[in-house]
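Trainee: Mind looking over this structure? Questions follow.
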Amino acid sequence: MTTQSTELLSGEIPDSLAGQRLDQALAQLFSQYSRSRLQHWLKQGCVRVDGRQMRARDKVFGGEQIEIEAVHEPQGEWQAEPIELDIVFEDEALIVLNKPAGLVVHPAAGNPEGTMLNALLHHDPGLANVPRAGIVHRLDKETTGLLVVARTLESQKQLVEQLQARRFLREYQAVANGVLTAGGTVEAPIGRHPTQRKRMAVVQNGKPAITHYRVAQRFRAHTWLRATLETGRTHQIRVHMAHIHHPLVGDPTYGGRLRLPKGANEALIETLRGFRRQALHASKLGLQHPLSGEMMQWEQPLPTDMANLIAALQQDLTAQGSS
């Protein structure tokens, strides 16, 4: 069981912050931590200003000596589990993973164990002190590909800020039903489906959502796409492609009926019928390293099932073209 750890932070309030509230001054002096984390330490009595405790709203004058007994507490009751992880890159600040299909990222009511978070706690017990074990963004259970995890509070704050400022590069590969003639952009707000609460939908009062897509290859009744996200809404690519009447192959929630090319051979029919997850893979991830500031990028090839699906569609296209 991971226990709490303590770190001593110190600094001096610069004259330029004179007149500000203590909590505002701390947010600038210790910008590697989130404002909510600093306020938590203030409330817990962990912050001393010239050796005494002050309230968050008290004014500072400049020159005060700050000491924070920063208590890092386990964030939740999740258990570590020895689940294999496909680690693409790791250092002291972050871990980049290639998530397989079928792995839930974060425990929820229906999945309290067997998740990526449980596996991360086994890989690095120190992640118990970081909210959500450092998970910055998620992929759906059946979506494959690249995810980044922060190993420290400072790294998590930096990465979340990059994500919110839309500075992450996130490129996906997908196979959609129907033939798209060209790439484009879907800009349509996404929120909970008005009657089916487990589904998302394009709704008037939803959160802004923008997906860019371009055609990688057209087949007789399907299209291989590359998509990039400006926003990160739940099920975003799946909902947006369904919204423009090109749902992803195999999508159990938004996919609709199975579509077969006219005259398709048995091999292709079997491949399409057997593809039981959304054909979606997070193939590229780019971000600024939270410590060095270096721009970093990773790329992960298609998983076997999607590569086989595309190969079967290519074979069908070639066979029909030569007949």
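Just so we're on the same page: first chain in the structure tokens is A, next is B, and so on; residues restart at 1 for each chain, and ligands are numbered from 1 in the order they show up.
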Going by DSSP on the backbone, which bits of segment 37-199 of chain A are strand (DSSP E)? Write them as a ChimeraX atom specification, please.

Mentor: /A:47-49,65-72,87-90,94-99,144-150,169-177,184-187,190-192

Trainee: Enumerate as JSON, numbers by chain all residues of segment 23-222 of chain A assigned to helix (DSSP H, G or I) by DSSP on the backbone, naming them with the chain letters and numbers the document uses.

Mentor: {"A": [23, 24, 25, 26, 27, 28, 29, 35, 36, 37, 38, 39, 40, 41, 42, 43, 116, 117, 118, 119, 120, 121, 122, 123, 125, 126, 127, 128, 129, 131, 132, 133, 134, 153, 154, 155, 156, 157, 158, 159, 160, 161, 162, 163, 164]}

Trainee: What are the closest atom pairs, with distances in Å to one decimal, for each residue of segment 227-289 of chain A lying within 6 Å of segment 197-221 of chain A, using only C-alpha atoms, rows by chain and rising residue number, as CSV?

Mentor:
residue,atom,partner,partner_atom,distance
A:Ala227,CA,A:Tyr213,CA,4.2
A:Thr228,CA,A:His212,CA,5.3
A:Leu229,CA,A:Thr211,CA,4.9
A:Glu230,CA,A:Ile210,CA,5.5
A:Thr231,CA,A:Ala209,CA,5.4
A:Pro261,CA,A:Ala221,CA,5.3

Trainee: Between atom CA of His40 of chain A and atom CA of Val160 of chain A, measure the distance and give it in Å to one decimal.

Mentor: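 Answer for the atom CA of His40 of chain A to atom CA of Val160 of chain A separation: 18.8 Å.
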
Trainee: Restricting the calculation to only C-alpha atoms: of A:Met241, A:Leu313, A:His281, A:His235, which residue gets closest to Ala264 of chain A?

Mentor: A:Leu313

Trainee: Which residue gives the smallest distance to Leu260 of chain A among A:Asn177, A:His243, A:Gln297, A:Gly62, with only C-alpha atoms counted?

Mentor: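 Checking each of A:Asn177, A:His243, A:Gln297, A:Gly62 against Leu260 of chain A, counting only C-alpha atoms, the winner is A:Asn177.
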
Trainee: Please determine, counting only C-alpha atoms, which residue among A:Thr234, A:Thr144, A:Thr304, A:Gln24 has the shortest atom-to-atom distance to Leu97 of chain A.

Mentor: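 Counting only C-alpha atoms, the residue closest to Leu97 of chain A is A:Thr144.
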
Trainee: Excluding Ala101 of chain A and residues on its chain fewer than 3 positions from it, collect all residues at most 8 Å away from it, counting only C-alpha atoms, and give them as a list in words.

Mentor: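 Answer for this query is Lys141, Glu142, Thr143 and Thr144 of chain A.
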
Trainee: Using only C-alpha atoms, which of the listed residues (A:Val47, A:Val239, A:Leu291, A:Ala312) sits closest to Phe275 of chain A?

Mentor: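 For Phe275 of chain A, the nearest of the candidates is A:Ala312.
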
Trainee: For Ile13 of chain A, work out the shell of residues within 7 Å, counting only C-alpha atoms and skipping chain neighbours fewer than 4 positions away, then give it as an mmCIF file with C-alpha atoms, in the first residue's frame.

Mentor:
data_model
loop_
_atom_site.group_PDB
_atom_site.id
_atom_site.type_symbol
_atom_site.label_atom_id
_atom_site.label_comp_id
_atom_site.auth_asym_id
_atom_site.auth_seq_id
_atom_site.Cartn_x
_atom_site.Cartn_y
_atom_site.Cartn_z
ATOM 1 C CA LEU A 17 3.564 40.557 -6.309
ATOM 2 C CA GLY A 62 6.881 41.276 -0.951
ATOM 3 C CA GLY A 63 9.955 39.774 0.699
ATOM 4 C CA GLU A 64 8.052 37.189 2.763
ATOM 5 C CA GLN A 65 9.732 33.775 3.130
#

Trainee: Go through A:Ala150, A:Leu268, A:Ala182, A:Ala279 and flag the residue nearest Leu317 of chain A, using only C-alpha atoms for the distances.

Mentor: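 Comparing A:Ala150, A:Leu268, A:Ala182, A:Ala279 against Leu317 of chain A, the winner is A:Leu268.
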
Trainee: With 9 Å as the cut-off and only C-alpha atoms counted, what is the closest atom pair between each nearby residue of segment 120-156 of chain A and segment 84-96 of chain A? Distances in Å to one decimal, ordered by chain and number, as a tab-separated table.

Mentor:
residue	atom	partner	partner_atom	distance
A:Leu120	CA	A:Leu85	CA	8.0
A:His123	CA	A:Leu85	CA	8.4
A:Gly134	CA	A:Leu94	CA	8.5
A:Leu146	CA	A:Val96	CA	6.8
A:Leu147	CA	A:Val96	CA	5.7
A:Val148	CA	A:Val96	CA	4.5
A:Val149	CA	A:Ile95	CA	5.1
A:Ala150	CA	A:Leu94	CA	4.5
A:Arg151	CA	A:Leu94	CA	5.1
A:Thr152	CA	A:Ala93	CA	6.3
A:Glu154	CA	A:Ala93	CA	8.5
A:Ser155	CA	A:Ala93	CA	5.9
A:Gln156	CA	A:Leu94	CA	8.6

Trainee: For N, CA and C atoms, I'd like the residues from the last selection saved as a compact mmCIF listing (two decimals), in the first residue's frame.

Mentor:
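Result file again-v1.txt:
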# COMPACT_ATOMS: atom_id res chain seq x y z
N LEU A 120 -0.81 0.70 -14.21
CA LEU A 120 0.17 1.77 -13.98
C LEU A 120 0.62 1.79 -12.52
N HIS A 123 3.17 -0.81 -12.13
CA HIS A 123 4.42 -0.44 -12.80
C HIS A 123 5.19 0.61 -12.02
N GLY A 134 -1.89 9.85 -12.87
CA GLY A 134 -1.17 10.58 -13.91
C GLY A 134 -1.82 10.56 -15.27
N LEU A 146 -1.85 5.48 -28.85
CA LEU A 146 -0.94 6.20 -27.96
C LEU A 146 -1.63 7.07 -26.92
N LEU A 147 -1.13 6.97 -25.69
CA LEU A 147 -1.60 7.75 -24.55
C LEU A 147 -0.39 8.22 -23.76
N VAL A 148 -0.48 9.41 -23.15
CA VAL A 148 0.59 9.88 -22.27
C VAL A 148 0.11 9.91 -20.82
N VAL A 149 1.01 9.56 -19.92
CA VAL A 149 0.74 9.56 -18.48
C VAL A 149 1.81 10.40 -17.80
N ALA A 150 1.40 11.29 -16.90
CA ALA A 150 2.35 12.13 -16.15
C ALA A 150 2.78 11.41 -14.89
N ARG A 151 4.08 11.48 -14.58
CA ARG A 151 4.59 10.77 -13.40
C ARG A 151 4.65 11.64 -12.15
N THR A 152 4.48 12.97 -12.32
CA THR A 152 4.54 13.87 -11.17
C THR A 152 3.42 14.90 -11.28
N GLU A 154 3.80 18.09 -11.14
CA GLU A 154 4.27 19.18 -12.01
C GLU A 154 4.06 18.82 -13.48
N SER A 155 4.43 17.59 -13.83
CA SER A 155 4.27 17.15 -15.22
C SER A 155 2.80 17.10 -15.61
N GLN A 156 1.97 16.64 -14.69
CA GLN A 156 0.54 16.56 -15.00
C GLN A 156 -0.04 17.94 -15.27

Trainee: Could you pull the residues within 7 Å of His246 of chain A, counting only C-alpha atoms, minus those fewer than 2 positions along the same chain, as a ChimeraX atom specification?

Mentor: /A:176-178,241-242,244,248

Trainee: Let's have the selection written as an mmCIF file, in the first residue's frame, with N, CA, C and O atoms.

Mentor:
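Here's the written file result_34.cif:
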data_model
loop_
_atom_site.group_PDB
_atom_site.id
_atom_site.type_symbol
_atom_site.label_atom_id
_atom_site.label_comp_id
_atom_site.auth_asym_id
_atom_site.auth_seq_id
_atom_site.Cartn_x
_atom_site.Cartn_y
_atom_site.Cartn_z
ATOM 1 N N ALA A 176 -13.946 4.195 -42.203
ATOM 2 C CA ALA A 176 -15.346 4.620 -42.138
ATOM 3 C C ALA A 176 -16.175 3.911 -43.193
ATOM 4 O O ALA A 176 -15.667 3.511 -44.249
ATOM 5 N N ASN A 177 -17.463 3.774 -42.901
ATOM 6 C CA ASN A 177 -18.401 3.246 -43.883
ATOM 7 C C ASN A 177 -18.692 4.305 -44.935
ATOM 8 O O ASN A 177 -18.781 5.499 -44.615
ATOM 9 N N GLY A 178 -18.840 3.874 -46.182
ATOM 10 C CA GLY A 178 -19.145 4.799 -47.268
ATOM 11 C C GLY A 178 -17.874 5.364 -47.876
ATOM 12 O O GLY A 178 -16.778 5.261 -47.317
ATOM 13 N N MET A 241 -18.134 11.319 -37.163
ATOM 14 C CA MET A 241 -18.231 10.576 -38.426
ATOM 15 C C MET A 241 -19.647 10.017 -38.616
ATOM 16 O O MET A 241 -20.162 10.009 -39.742
ATOM 17 N N ALA A 242 -20.274 9.588 -37.531
ATOM 18 C CA ALA A 242 -21.668 9.137 -37.640
ATOM 19 C C ALA A 242 -22.582 10.301 -38.014
ATOM 20 O O ALA A 242 -23.542 10.142 -38.777
ATOM 21 N N ILE A 244 -21.939 12.796 -39.935
ATOM 22 C CA ILE A 244 -21.892 13.092 -41.384
ATOM 23 C C ILE A 244 -22.215 11.836 -42.208
ATOM 24 O O ILE A 244 -21.916 11.757 -43.393
ATOM 25 N N LEU A 248 -17.896 4.707 -38.187
ATOM 26 C CA LEU A 248 -16.729 3.845 -38.286
ATOM 27 C C LEU A 248 -17.134 2.379 -38.385
ATOM 28 O O LEU A 248 -18.108 1.936 -37.763
#

Trainee: Determine, counting only C-alpha atoms, which protein, DNA and RNA residues have an atom within 12 Å of an atom of Gln44 of chain A; residues of the same chain fewer than 5 positions away are not included. Present the result as a list of chain:residue names.

Mentor: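 Residues meeting the cut-off are A:Arg37, A:Leu38, A:Gln39, A:Gln53, A:Met54, A:Arg55, A:Ala56, A:Ile68, A:Glu69, A:Ala70, A:Val71.
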
Trainee: Residues as selected, C-alpha atoms, written as a compact mmCIF listing (two decimals), in the first residue's frame, can you do that?

Mentor:
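Written file, result-v8.txt:
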# COMPACT_ATOMS: atom_id res chain seq x y z
CA ARG A 37 -3.42 21.87 -5.03
CA LEU A 38 -1.88 25.00 -3.46
CA GLN A 39 -5.23 25.99 -1.95
CA GLN A 53 0.04 30.55 8.93
CA MET A 54 -2.02 32.99 6.86
CA ARG A 55 -5.36 32.79 5.08
CA ALA A 56 -5.65 32.48 1.32
CA ILE A 68 5.32 24.62 2.18
CA GLU A 69 5.26 21.16 3.69
CA ALA A 70 3.84 19.67 0.51
CA VAL A 71 2.01 16.47 1.42

Trainee: Show which residues sit within 10 Å of Glu113 of chain A, as a list in words. Count only C-alpha atoms, and ignore same-chain residues fewer than 3 positions away.

Mentor: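 Selected residues are Trp78, Gln79, Ala80, Glu81, Val104, His106, Pro107, Ala108, Ala109, Gly110, Met116, Leu117, Asn118 and Ala119 of chain A.
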
Trainee: Could you work out how far atom CA of Gln162 of chain A lies from atom CA of Asn129 of chain A, giving the answer in Å with one decimal?

Mentor: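 Separation between atom CA of Asn129 of chain A and atom CA of Gln162 of chain A: 21.3 Å.
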
Trainee: Which value, in Å to one decimal, gives the distance between atom CA of Ser292 of chain A and atom CA of Gln158 of chain A?

Mentor: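 Pair atom CA of Ser292 of chain A / atom CA of Gln158 of chain A returns 11.5 Å.
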
Trainee: Kindly indicate which residue among A:Ala128, A:Leu272, A:Ile190, A:Leu225 lies nearest to Glu171 of chain A, using only C-alpha atoms for the distances.

Mentor: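 Closest candidate: A:Leu225.
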